[in-house]
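upload37.tsv, holding TSV, C-alpha atoms:
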```tsv
chain	number	residue	atom	x	y	z
A	1	MET	CA	73.67	-62.91	-73.03
A	2	GLY	CA	77.35	-63.74	-73.41
A	3	LEU	CA	76.66	-67.42	-73.82
A	4	ILE	CA	73.77	-66.88	-76.24
A	5	GLY	CA	75.84	-64.48	-78.28
A	6	THR	CA	78.65	-66.97	-78.54
A	7	LEU	CA	76.27	-69.74	-79.66
A	8	VAL	CA	74.67	-67.57	-82.32
A	9	SER	CA	78.07	-66.47	-83.65
A	10	SER	CA	79.38	-70.05	-83.76
A	11	ALA	CA	76.24	-71.26	-85.61
A	12	SER	CA	76.60	-68.49	-88.18
A	13	VAL	CA	80.24	-69.33	-88.80
A	14	LEU	CA	79.56	-73.05	-89.18
A	15	ALA	CA	76.61	-72.49	-91.49
A	16	ALA	CA	78.62	-70.25	-93.74
A	17	GLU	CA	81.42	-72.80	-94.21
A	18	ALA	CA	79.40	-75.93	-95.47
A	19	PRO	CA	76.66	-75.47	-98.27
A	20	ASN	CA	74.01	-78.31	-98.65
A	21	GLU	CA	71.69	-79.65	-101.38
A	22	ILE	CA	68.25	-79.78	-99.76
A	23	PHE	CA	65.53	-77.18	-99.12
A	24	PHE	CA	67.90	-74.79	-97.37
A	25	PRO	CA	69.90	-72.68	-99.77
A	26	GLY	CA	72.83	-72.39	-97.40
A	27	ASP	CA	74.89	-74.66	-95.33
A	28	ILE	CA	72.62	-77.11	-93.46
A	29	ASN	CA	74.70	-76.69	-90.38
A	30	GLU	CA	73.79	-73.10	-90.41
A	31	PHE	CA	70.22	-74.29	-90.19
A	32	TYR	CA	70.92	-76.63	-87.34
A	33	TRP	CA	72.89	-74.22	-85.37
A	34	GLY	CA	70.45	-71.45	-86.07
A	35	SER	CA	67.58	-73.59	-84.90
A	36	LEU	CA	69.51	-74.62	-81.88
A	37	ALA	CA	70.34	-71.08	-81.06
A	38	PHE	CA	66.73	-70.13	-81.58
A	39	LEU	CA	65.58	-72.84	-79.23
A	40	VAL	CA	68.17	-71.86	-76.69
A	41	VAL	CA	66.97	-68.31	-76.87
A	42	VAL	CA	63.37	-69.43	-76.60
A	43	ALA	CA	64.20	-71.69	-73.69
A	44	PHE	CA	66.08	-68.92	-72.01
A	45	LEU	CA	63.21	-66.59	-72.53
A	46	MET	CA	60.72	-69.13	-71.22
A	47	TRP	CA	62.97	-69.91	-68.27
A	48	LYS	CA	63.91	-66.39	-67.14
A	49	VAL	CA	62.03	-63.67	-68.96
A	50	PHE	CA	58.51	-64.96	-69.45
A	51	PRO	CA	57.88	-65.77	-65.76
A	52	ALA	CA	59.17	-62.40	-64.80
A	53	VAL	CA	56.96	-60.81	-67.41
A	54	ARG	CA	54.03	-62.91	-66.25
A	55	ARG	CA	54.68	-62.02	-62.62
A	56	MET	CA	54.97	-58.41	-63.53
A	57	MET	CA	51.79	-58.56	-65.58
A	58	ARG	CA	50.06	-60.52	-62.84
A	59	ALA	CA	51.20	-58.03	-60.28
A	60	SER	CA	50.04	-55.24	-62.49
A	61	SER	CA	46.78	-57.06	-63.02
A	62	ASP	CA	46.45	-57.66	-59.32
A	63	ARG	CA	47.24	-54.05	-58.58
A	64	ILE	CA	44.70	-52.92	-61.12
A	65	ALA	CA	42.19	-55.37	-59.68
A	66	ALA	CA	42.95	-54.13	-56.21
A	67	GLU	CA	42.60	-50.59	-57.38
A	68	LEU	CA	39.38	-51.48	-59.11
A	69	GLN	CA	38.23	-53.23	-55.98
A	70	ALA	CA	39.18	-50.18	-53.90
A	71	ALA	CA	37.45	-47.96	-56.38
A	72	GLU	CA	34.44	-50.20	-56.24
A	73	THR	CA	34.55	-50.16	-52.46
A	74	THR	CA	34.92	-46.42	-52.51
A	75	ARG	CA	32.09	-46.09	-54.95
A	76	ALA	CA	29.93	-48.37	-52.83
A	77	GLN	CA	30.84	-46.41	-49.77
A	78	SER	CA	30.14	-43.22	-51.65
A	79	GLU	CA	26.80	-44.54	-52.74
A	80	GLN	CA	26.10	-45.69	-49.21
A	81	ARG	CA	27.21	-42.34	-47.96
A	82	THR	CA	25.06	-40.69	-50.57
A	83	VAL	CA	22.10	-42.77	-49.53
A	84	SER	CA	22.83	-41.99	-45.91
A	85	LEU	CA	23.18	-38.33	-46.68
A	86	LYS	CA	19.98	-38.39	-48.67
A	87	GLN	CA	18.32	-40.17	-45.81
A	88	GLN	CA	19.76	-37.69	-43.36
A	89	LEU	CA	18.66	-34.91	-45.65
A	90	GLY	CA	15.22	-36.43	-45.65
A	91	ASP	CA	15.36	-36.69	-41.89
A	92	ILE	CA	16.49	-33.10	-41.68
A	93	ASP	CA	13.64	-32.02	-43.92
A	94	ARG	CA	11.21	-34.03	-41.85
A	95	LYS	CA	12.71	-32.72	-38.62
A	96	LYS	CA	12.60	-29.22	-40.04
A	97	ALA	CA	8.98	-29.74	-40.94
A	98	GLU	CA	8.29	-31.13	-37.48
A	99	LEU	CA	10.09	-28.23	-35.87
A	100	LEU	CA	8.22	-25.79	-38.03
A	101	GLU	CA	4.95	-27.45	-37.17
A	102	GLU	CA	5.87	-27.56	-33.50
A	103	SER	CA	6.92	-23.90	-33.67
A	104	ARG	CA	3.65	-23.00	-35.34
A	105	GLN	CA	1.76	-24.92	-32.67
A	106	VAL	CA	3.75	-23.30	-29.87
A	107	ALA	CA	3.25	-19.90	-31.46
A	108	ALA	CA	-0.44	-20.58	-31.84
A	109	ASP	CA	-0.69	-21.77	-28.22
A	110	LEU	CA	1.33	-18.80	-27.06
A	111	GLU	CA	-0.81	-16.43	-29.06
A	112	SER	CA	-3.94	-18.04	-27.71
A	113	ASP	CA	-2.57	-17.92	-24.16
A	114	LEU	CA	-1.49	-14.31	-24.55
A	115	MET	CA	-4.83	-13.38	-26.02
A	116	ALA	CA	-6.65	-15.09	-23.15
A	117	ARG	CA	-4.37	-13.47	-20.59
A	118	ALA	CA	-4.71	-10.09	-22.27
A	119	GLU	CA	-8.46	-10.51	-22.27
A	120	VAL	CA	-8.42	-11.36	-18.56
A	121	GLU	CA	-6.15	-8.43	-17.81
A	122	ALA	CA	-8.27	-6.13	-19.94
A	123	GLN	CA	-11.36	-7.34	-18.10
A	124	ASP	CA	-9.58	-6.83	-14.81
A	125	VAL	CA	-8.48	-3.34	-15.82
A	126	ARG	CA	-12.01	-2.56	-16.96
A	127	SER	CA	-13.42	-3.87	-13.68
A	128	ARG	CA	-10.92	-1.92	-11.61
A	129	GLY	CA	-11.52	1.16	-13.69
A	130	GLU	CA	-15.25	0.84	-13.27
A	131	ALA	CA	-14.81	0.25	-9.52
A	132	GLU	CA	-12.53	3.27	-9.23
A	133	VAL	CA	-14.93	5.39	-11.22
A	134	GLU	CA	-17.77	4.20	-9.02
A	135	LEU	CA	-15.71	4.87	-5.90
A	136	MET	CA	-14.75	8.32	-7.16
A	137	ARG	CA	-18.37	9.00	-8.04
A	138	ARG	CA	-19.49	7.95	-4.57
A	139	GLN	CA	-16.69	9.93	-2.97
A	140	ALA	CA	-17.53	12.97	-5.07
A	141	THR	CA	-21.19	12.56	-4.18
A	142	ALA	CA	-20.33	12.18	-0.50
A	143	ASP	CA	-17.99	15.18	-0.64
A	144	LEU	CA	-20.62	17.25	-2.37
A	145	GLN	CA	-23.25	16.06	0.09
A	146	ALA	CA	-20.96	16.88	3.00
A	147	GLU	CA	-20.12	20.27	1.57
A	148	VAL	CA	-23.74	21.09	0.87
A	149	GLY	CA	-24.64	19.72	4.30
A	150	SER	CA	-21.98	21.89	5.87
A	151	TRP	CA	-23.32	24.93	4.03
A	152	VAL	CA	-26.89	24.10	5.01
A	153	ALA	CA	-25.92	23.45	8.62
A	154	GLY	CA	-23.85	26.64	8.74
A	155	ALA	CA	-26.66	28.66	7.21
A	156	ALA	CA	-29.19	27.05	9.55
A	157	GLU	CA	-26.94	27.80	12.51
A	158	VAL	CA	-26.63	31.46	11.59
A	159	LEU	CA	-30.33	31.75	10.86
A	160	ILE	CA	-31.41	29.97	14.02
A	161	ALA	CA	-28.95	31.95	16.13
A	162	GLU	CA	-30.35	35.22	14.78
A	163	VAL	CA	-33.92	34.07	15.23
A	164	LEU	CA	-33.36	32.80	18.76
A	165	GLN	CA	-31.41	35.85	19.79
A	166	ALA	CA	-34.42	38.00	19.08
A	167	ASP	CA	-37.06	35.54	20.24
A	168	GLU	CA	-37.20	35.34	24.01
A	169	GLN	CA	-40.39	33.32	23.95
A	170	THR	CA	-38.83	30.57	21.89
A	171	GLN	CA	-35.80	30.58	24.18
A	172	ASN	CA	-38.08	30.09	27.17
A	173	GLU	CA	-39.99	27.37	25.37
A	174	LEU	CA	-36.72	25.58	24.67
A	175	VAL	CA	-35.81	25.78	28.36
A	176	GLU	CA	-39.26	24.54	29.34
A	177	ASP	CA	-39.06	21.72	26.81
A	178	TYR	CA	-35.73	20.72	28.31
A	179	ILE	CA	-37.10	20.70	31.85
A	180	ASN	CA	-40.38	18.99	31.03
A	181	ARG	CA	-39.49	16.61	28.20
A	182	ASP	CA	-35.97	16.62	26.74
A	183	LEU	CA	-34.23	15.96	30.05
A	184	ARG	CA	-36.13	12.69	30.57
A	185	GLN	CA	-35.71	11.62	26.94
A	186	LEU	CA	-31.99	12.39	26.98
A	187	THR	CA	-31.41	10.48	30.22
A	188	GLN	CA	-33.44	7.49	28.93
A	189	VAL	CA	-31.07	7.25	25.98
B	1	MET	CA	-19.60	24.56	34.33
B	2	PRO	CA	-17.15	21.77	33.55
B	3	PRO	CA	-14.85	20.32	36.17
B	4	ALA	CA	-11.81	22.38	37.05
B	5	THR	CA	-8.69	21.84	34.97
B	6	SER	CA	-6.21	24.36	36.47
B	7	THR	CA	-4.29	23.53	39.66
B	8	PRO	CA	-7.19	21.71	41.36
B	9	THR	CA	-5.24	20.98	44.50
B	10	THR	CA	-4.49	24.61	45.25
B	11	ALA	CA	-8.00	25.64	44.22
B	12	GLN	CA	-9.53	23.03	46.48
B	13	GLN	CA	-7.38	24.16	49.38
B	14	TYR	CA	-8.46	27.77	48.94
B	15	ALA	CA	-12.07	26.72	48.46
B	16	GLN	CA	-12.06	24.55	51.54
B	17	SER	CA	-10.61	27.36	53.66
B	18	LEU	CA	-13.28	29.76	52.48
B	19	ALA	CA	-15.98	27.12	52.88
B	20	GLU	CA	-15.02	26.44	56.49
B	21	ILE	CA	-15.09	30.16	57.30
B	22	ALA	CA	-18.41	30.67	55.52
B	23	GLN	CA	-19.87	27.60	57.14
B	24	ALA	CA	-18.83	28.95	60.54
B	25	GLU	CA	-20.55	32.18	59.63
B	26	GLY	CA	-23.63	30.24	58.47
B	27	CYS	CA	-23.57	31.60	54.94
B	28	LEU	CA	-21.84	28.90	52.92
B	29	ASP	CA	-24.52	28.70	50.22
B	30	GLU	CA	-24.60	32.44	49.71
B	31	VAL	CA	-20.85	32.77	49.57
B	32	ALA	CA	-20.54	29.81	47.17
B	33	ASP	CA	-23.19	31.34	44.96
B	34	GLU	CA	-21.55	34.76	44.98
B	35	VAL	CA	-18.14	33.35	44.13
B	36	PHE	CA	-19.71	31.25	41.38
B	37	ARG	CA	-21.48	34.27	39.86
B	38	PHE	CA	-18.30	36.35	40.05
B	39	ALA	CA	-16.38	33.55	38.34
B	40	ARG	CA	-18.98	33.46	35.58
B	41	ALA	CA	-18.74	37.21	35.16
B	42	LEU	CA	-14.97	36.91	35.02
B	43	ALA	CA	-15.22	34.18	32.38
B	44	GLY	CA	-17.55	36.33	30.31
B	45	SER	CA	-15.38	39.45	30.38
B	46	ASP	CA	-11.93	39.38	28.84
B	47	GLU	CA	-11.34	42.96	29.94
B	48	LEU	CA	-12.08	42.25	33.61
B	49	ARG	CA	-10.04	39.03	33.56
B	50	GLU	CA	-7.04	40.78	32.05
B	51	ALA	CA	-7.33	43.72	34.43
B	52	LEU	CA	-7.35	41.48	37.50
B	53	SER	CA	-4.52	39.32	36.16
B	54	ASP	CA	-2.22	42.08	34.88
B	55	ARG	CA	0.79	42.37	37.18
B	56	ARG	CA	1.66	45.77	35.72
B	57	ILE	CA	-1.43	47.12	37.45
B	58	PRO	CA	-0.68	47.74	41.14
B	59	ALA	CA	-2.23	45.25	43.54
B	60	SER	CA	-4.04	48.04	45.37
B	61	ARG	CA	-5.69	49.11	42.12
B	62	ARG	CA	-6.79	45.57	41.34
B	63	GLN	CA	-8.08	45.18	44.87
B	64	GLN	CA	-10.01	48.41	44.46
B	65	ILE	CA	-11.65	47.07	41.29
B	66	VAL	CA	-12.88	44.01	43.19
B	67	GLU	CA	-14.21	46.08	46.06
B	68	ASP	CA	-16.00	48.41	43.65
B	69	LEU	CA	-17.65	45.42	42.01
B	70	LEU	CA	-18.58	43.41	45.08
B	71	SER	CA	-18.84	45.77	48.05
B	72	GLU	CA	-22.58	46.24	47.63
B	73	ARG	CA	-23.40	43.00	45.81
B	74	ALA	CA	-21.71	40.37	47.94
B	75	LYS	CA	-20.93	39.53	51.51
B	76	PRO	CA	-17.71	40.99	52.94
B	77	ILE	CA	-16.30	37.52	53.28
B	78	THR	CA	-16.79	36.93	49.55
B	79	ALA	CA	-15.29	40.28	48.55
B	80	GLY	CA	-12.41	39.79	50.94
B	81	PHE	CA	-11.67	36.32	49.61
B	82	ILE	CA	-11.65	37.42	45.99
B	83	SER	CA	-9.53	40.46	46.86
B	84	LEU	CA	-7.08	38.13	48.52
B	85	LEU	CA	-6.90	35.96	45.40
B	86	VAL	CA	-6.36	38.98	43.15
B	87	VAL	CA	-3.59	40.36	45.33
B	88	ALA	CA	-2.02	36.89	45.48
B	89	GLU	CA	-1.92	36.79	41.65
B	90	ARG	CA	-4.43	33.93	41.53
B	91	ALA	CA	-7.25	35.59	39.62
B	92	LYS	CA	-6.99	32.95	36.88
B	93	GLU	CA	-7.86	30.25	39.42
B	94	ILE	CA	-11.07	31.86	40.65
B	95	GLU	CA	-13.18	29.75	38.30
B	96	ALA	CA	-11.72	26.49	39.58
B	97	MET	CA	-12.08	27.68	43.17
B	98	ALA	CA	-15.70	28.64	42.55
B	99	GLN	CA	-16.40	25.17	41.28
B	100	ALA	CA	-14.60	23.52	44.17
B	101	LEU	CA	-16.49	25.76	46.60
B	102	ALA	CA	-19.83	24.91	44.96
B	103	ASP	CA	-19.00	21.21	45.17
B	104	TYR	CA	-18.01	21.60	48.80
B	105	ALA	CA	-21.23	23.45	49.61
B	106	ALA	CA	-23.31	20.85	47.81
B	107	ARG	CA	-21.59	17.95	49.55
B	108	SER	CA	-22.18	19.60	52.88
B	109	LYS	CA	-25.87	19.15	52.10
B	110	SER	CA	-25.39	15.69	50.62
B	111	ALA	CA	-26.10	17.15	47.18
B	112	GLU	CA	-24.42	17.12	43.77
B	113	VAL	CA	-23.87	20.24	41.73
B	114	ALA	CA	-25.30	20.44	38.23
B	115	TYR	CA	-23.59	23.11	36.20
B	116	VAL	CA	-26.25	24.37	33.84
B	117	ARG	CA	-25.56	26.53	30.80
B	118	SER	CA	-28.31	28.21	28.83
B	119	ALA	CA	-28.56	30.92	26.18
B	120	VAL	CA	-30.81	33.06	28.38
B	121	VAL	CA	-30.96	33.73	32.08
B	122	LEU	CA	-33.07	31.14	33.88
B	123	THR	CA	-35.67	32.35	36.32
B	124	ALA	CA	-35.56	31.18	39.92
B	125	GLU	CA	-38.66	29.15	39.25
B	126	GLN	CA	-37.06	27.48	36.24
B	127	VAL	CA	-33.93	26.73	38.26
B	128	SER	CA	-36.05	25.19	40.99
B	129	ARG	CA	-38.00	23.01	38.57
B	130	LEU	CA	-34.76	22.08	36.80
B	131	GLU	CA	-33.26	20.99	40.14
B	132	GLN	CA	-36.31	18.87	40.77
B	133	ALA	CA	-36.28	17.33	37.29
B	134	LEU	CA	-32.57	16.61	37.46
B	135	SER	CA	-32.97	15.05	40.88
B	136	GLU	CA	-35.73	12.82	39.54
B	137	VAL	CA	-33.82	11.58	36.51
B	138	THR	CA	-30.51	11.11	38.30
B	139	GLY	CA	-31.77	9.93	41.69
B	140	LEU	CA	-29.43	12.43	43.33
B	141	ASN	CA	-30.00	15.55	45.37
B	142	ILE	CA	-29.12	18.10	42.70
B	143	GLU	CA	-28.20	21.70	43.23
B	144	VAL	CA	-28.09	23.80	40.07
B	145	LYS	CA	-25.43	26.36	39.32
B	146	ALA	CA	-26.76	28.22	36.29
B	147	SER	CA	-24.81	30.40	33.90
B	148	VAL	CA	-25.46	32.06	30.57
B	149	ASP	CA	-23.51	30.80	27.57
B	150	ALA	CA	-24.38	32.33	24.20
B	151	ASN	CA	-22.62	29.42	22.48
B	152	VAL	CA	-25.50	27.16	23.55
B	153	LEU	CA	-27.75	29.14	21.13
B	154	GLY	CA	-30.88	27.77	22.80
B	155	GLY	CA	-32.01	25.11	25.26
B	156	VAL	CA	-29.97	23.87	28.21
B	157	VAL	CA	-26.78	21.88	28.86
B	158	ALA	CA	-26.44	20.30	32.31
B	159	THR	CA	-23.16	18.80	33.54
B	160	ILE	CA	-23.15	16.61	36.65
B	161	GLY	CA	-19.70	15.25	37.34
B	162	ASP	CA	-18.71	13.47	34.16
B	163	THR	CA	-22.27	13.26	32.85
B	164	VAL	CA	-23.42	15.80	30.27
B	165	ILE	CA	-27.13	16.09	29.46
B	166	ASP	CA	-27.08	18.21	26.33
B	167	GLY	CA	-30.40	19.60	25.12
B	168	SER	CA	-28.95	22.63	23.40
B	169	VAL	CA	-29.75	23.91	19.94
B	170	ARG	CA	-26.00	23.81	19.29
B	171	SER	CA	-25.91	20.04	19.78
B	172	ARG	CA	-28.99	19.59	17.58
B	173	LEU	CA	-27.32	21.58	14.83
B	174	ALA	CA	-24.21	19.48	15.28
B	175	LYS	CA	-26.30	16.33	14.84
B	176	LEU	CA	-27.91	17.87	11.77
B	177	ARG	CA	-24.47	18.62	10.37
B	178	ASP	CA	-23.36	15.05	11.09
B	179	THR	CA	-26.43	13.77	9.28
B	180	PHE	CA	-25.58	15.80	6.20
B	181	VAL	CA	-21.90	14.97	6.31
```
Would you mind writing the file's structure down as structure tokens?
Amino acid sequence: MGLIGTLVSSASVLAAEAPNEIFFPGDINEFYWGSLAFLVVVAFLMWKVFPAVRRMMRASSDRIAAELQAAETTRAQSEQRTVSLKQQLGDIDRKKAELLEESRQVAADLESDLMARAEVEAQDVRSRGEAEVELMRRQATADLQAEVGSWVAGAAEVLIAEVLQADEQTQNELVEDYINRDLRQLTQV
Amino acid sequence: MPPATSTPTTAQQYAQSLAEIAQAEGCLDEVADEVFRFARALAGSDELREALSDRRIPASRRQQIVEDLLSERAKPITAGFISLLVVAERAKEIEAMAQALADYAARSKSAEVAYVRSAVVLTAEQVSRLEQALSEVTGLNIEVKASVDANVLGGVVATIGDTVIDGSVRSRLAKLRDTFV
């Protein structure tokens, strides 16, 4: 800037010292030196500043493009992720439906199996109950028969003992039957 | 009468001694029969059995009881033998000795003893026919020793060794009871 400042100052001084008679209302030198200084400034700007500005703008543009690209990539990934999640969600729903259906089937099978087993067990219990009732009935009948038989036999014993005690003829007949008939029959057996 | 169950060895020794003496005297059958009948009387009378077995009663008194019972109903050898047993505190073994003596007497005649129990007293004729019938069915020479047993109720039970031929009313009632039960 020191050099440019010096040039501009020199051009202004020269232009102010020599007026001209053409289109420029001042000193023509002022025009020349002003133009020169302008060109120098433009050249300087084109040489040093504009490339830097261009590089800066390009870098900014590149950064923005990179950011846009990253955003686009992120968006694409997000969309992909969204699609994947939706797909997974669909899979989960389908799996859930499958599991529910499988659970229903298992429950139905289990219920059917339990019902069948319960029916078998109930039948078995009924059969055992009927058998036990029948056994108890037979046992009760046998007990009653034995008890009645015991009573009858006891009563018959008492009655026969009393009758025989007073009936000598029957006693003798029993002895005679033993000698003549029972003895041979008993020994044949 | 069933086979002896109490001290058979001692009973057999006593019975054999008496049998040899009675055989020498020529009255083995009578003595065996008298001892058998006394044993049956003893078995049928708790009072007599206890009196002859009670050590608190003096031996002379017990001996007197035996003599009173047998002096006019049995041979002296029988009364003497039973008196000896009572004095020797062996009254409880008289039944086993009677059986052993009966067996000895029967064997001396190549016979087997049939112990016959009936509810009533058998006549001599019935005993004779019973001996004959038993001999026929068993093929042995049977000699009957009869006794009265009210538990028979009616009919006859004959025991020969281990064989029992039971035609008693008691056994028929038992079968009837088994049928009901």
Can I get the residues of chain B within 12 Å of chain A, each with the closest pair of atoms and their distance in Å to one decimal, using all atoms listed in the file, sorted chain first then ascending number, as a Markdown table?
```
| residue | atom | partner | partner_atom | distance |
| --- | --- | --- | --- | --- |
| B:Val116 | CA | A:Val175 | CA | 11.1 |
| B:Arg117 | CA | A:Val175 | CA | 10.6 |
| B:Ser118 | CA | A:Val175 | CA | 7.9 |
| B:Ala119 | CA | A:Gln171 | CA | 7.5 |
| B:Val120 | CA | A:Gln171 | CA | 7.0 |
| B:Val121 | CA | A:Asn172 | CA | 9.4 |
| B:Leu122 | CA | A:Val175 | CA | 8.2 |
| B:Thr123 | CA | A:Asn172 | CA | 9.7 |
| B:Glu125 | CA | A:Glu176 | CA | 10.9 |
| B:Gln126 | CA | A:Glu176 | CA | 7.8 |
| B:Val127 | CA | A:Ile179 | CA | 9.4 |
| B:Ser128 | CA | A:Ile179 | CA | 10.2 |
| B:Arg129 | CA | A:Ile179 | CA | 7.2 |
| B:Leu130 | CA | A:Ile179 | CA | 5.6 |
| B:Glu131 | CA | A:Ile179 | CA | 9.1 |
| B:Gln132 | CA | A:Ile179 | CA | 9.1 |
| B:Ala133 | CA | A:Ile179 | CA | 6.5 |
| B:Leu134 | CA | A:Leu183 | CA | 7.6 |
| B:Ser135 | CA | A:Leu183 | CA | 10.9 |
| B:Glu136 | CA | A:Arg184 | CA | 9.0 |
| B:Val137 | CA | A:Arg184 | CA | 6.5 |
| B:Thr138 | CA | A:Thr187 | CA | 8.2 |
| B:Gly139 | CA | A:Thr187 | CA | 11.5 |
| B:Ala150 | CA | A:Gln165 | CA | 9.0 |
| B:Asn151 | CA | A:Ala161 | CA | 9.3 |
| B:Val152 | CA | A:Ala161 | CA | 9.5 |
| B:Leu153 | CA | A:Ala161 | CA | 5.9 |
| B:Gly154 | CA | A:Gln171 | CA | 5.8 |
| B:Gly155 | CA | A:Leu174 | CA | 4.8 |
| B:Val156 | CA | A:Val175 | CA | 6.1 |
| B:Val157 | CA | A:Tyr178 | CA | 9.0 |
| B:Ala158 | CA | A:Leu183 | CA | 9.2 |
| B:Thr159 | CA | A:Leu183 | CA | 11.9 |
| B:Thr163 | CA | A:Thr187 | CA | 9.9 |
| B:Val164 | CA | A:Thr187 | CA | 9.6 |
| B:Ile165 | CA | A:Leu186 | CA | 6.6 |
| B:Asp166 | CA | A:Leu186 | CA | 7.6 |
| B:Gly167 | CA | A:Tyr178 | CA | 6.3 |
| B:Ser168 | CA | A:Leu174 | CA | 8.4 |
| B:Val169 | CA | A:Leu174 | CA | 8.6 |
| B:Arg170 | CA | A:Glu157 | CA | 7.9 |
| B:Ser171 | CA | A:Glu157 | CA | 10.7 |
| B:Arg172 | CA | A:Glu157 | CA | 9.9 |
| B:Leu173 | CA | A:Ala153 | CA | 6.6 |
| B:Ala174 | CA | A:Ala153 | CA | 7.9 |
| B:Lys175 | CA | A:Ala153 | CA | 9.5 |
| B:Leu176 | CA | A:Ala153 | CA | 6.7 |
| B:Arg177 | CA | A:Ala153 | CA | 5.3 |
| B:Asp178 | CA | A:Gly149 | CA | 8.3 |
| B:Thr179 | CA | A:Gly149 | CA | 8.0 |
| B:Phe180 | CA | A:Gly149 | CA | 4.5 |
| B:Val181 | CA | A:Ala146 | CA | 3.9 |
```
Determine, counting only C-alpha atoms, every residue of protein, DNA or RNA that lies within 7 Å of (-27.8, 13.1, 48.5) in the file coordinates, then give the result as a VMD selection string. chain B and resid 110 to 111 140 to 141
Atomic distance atom CA of B:Ala43 - atom CA of B:Ser60, expressed in Å with one decimal: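 Answer for the atom CA of B:Ala43 to atom CA of B:Ser60 separation: 22.0 Å.
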Surrounding residues of B:Val144 excluding itself and chain neighbours under 4 positions, 6 Å, only C-alpha atoms, as a count of residues only: 4
What's the separation between atom CA of A:Gly34 and atom CA of A:Met46, in Å to one decimal place? 17.9 Å
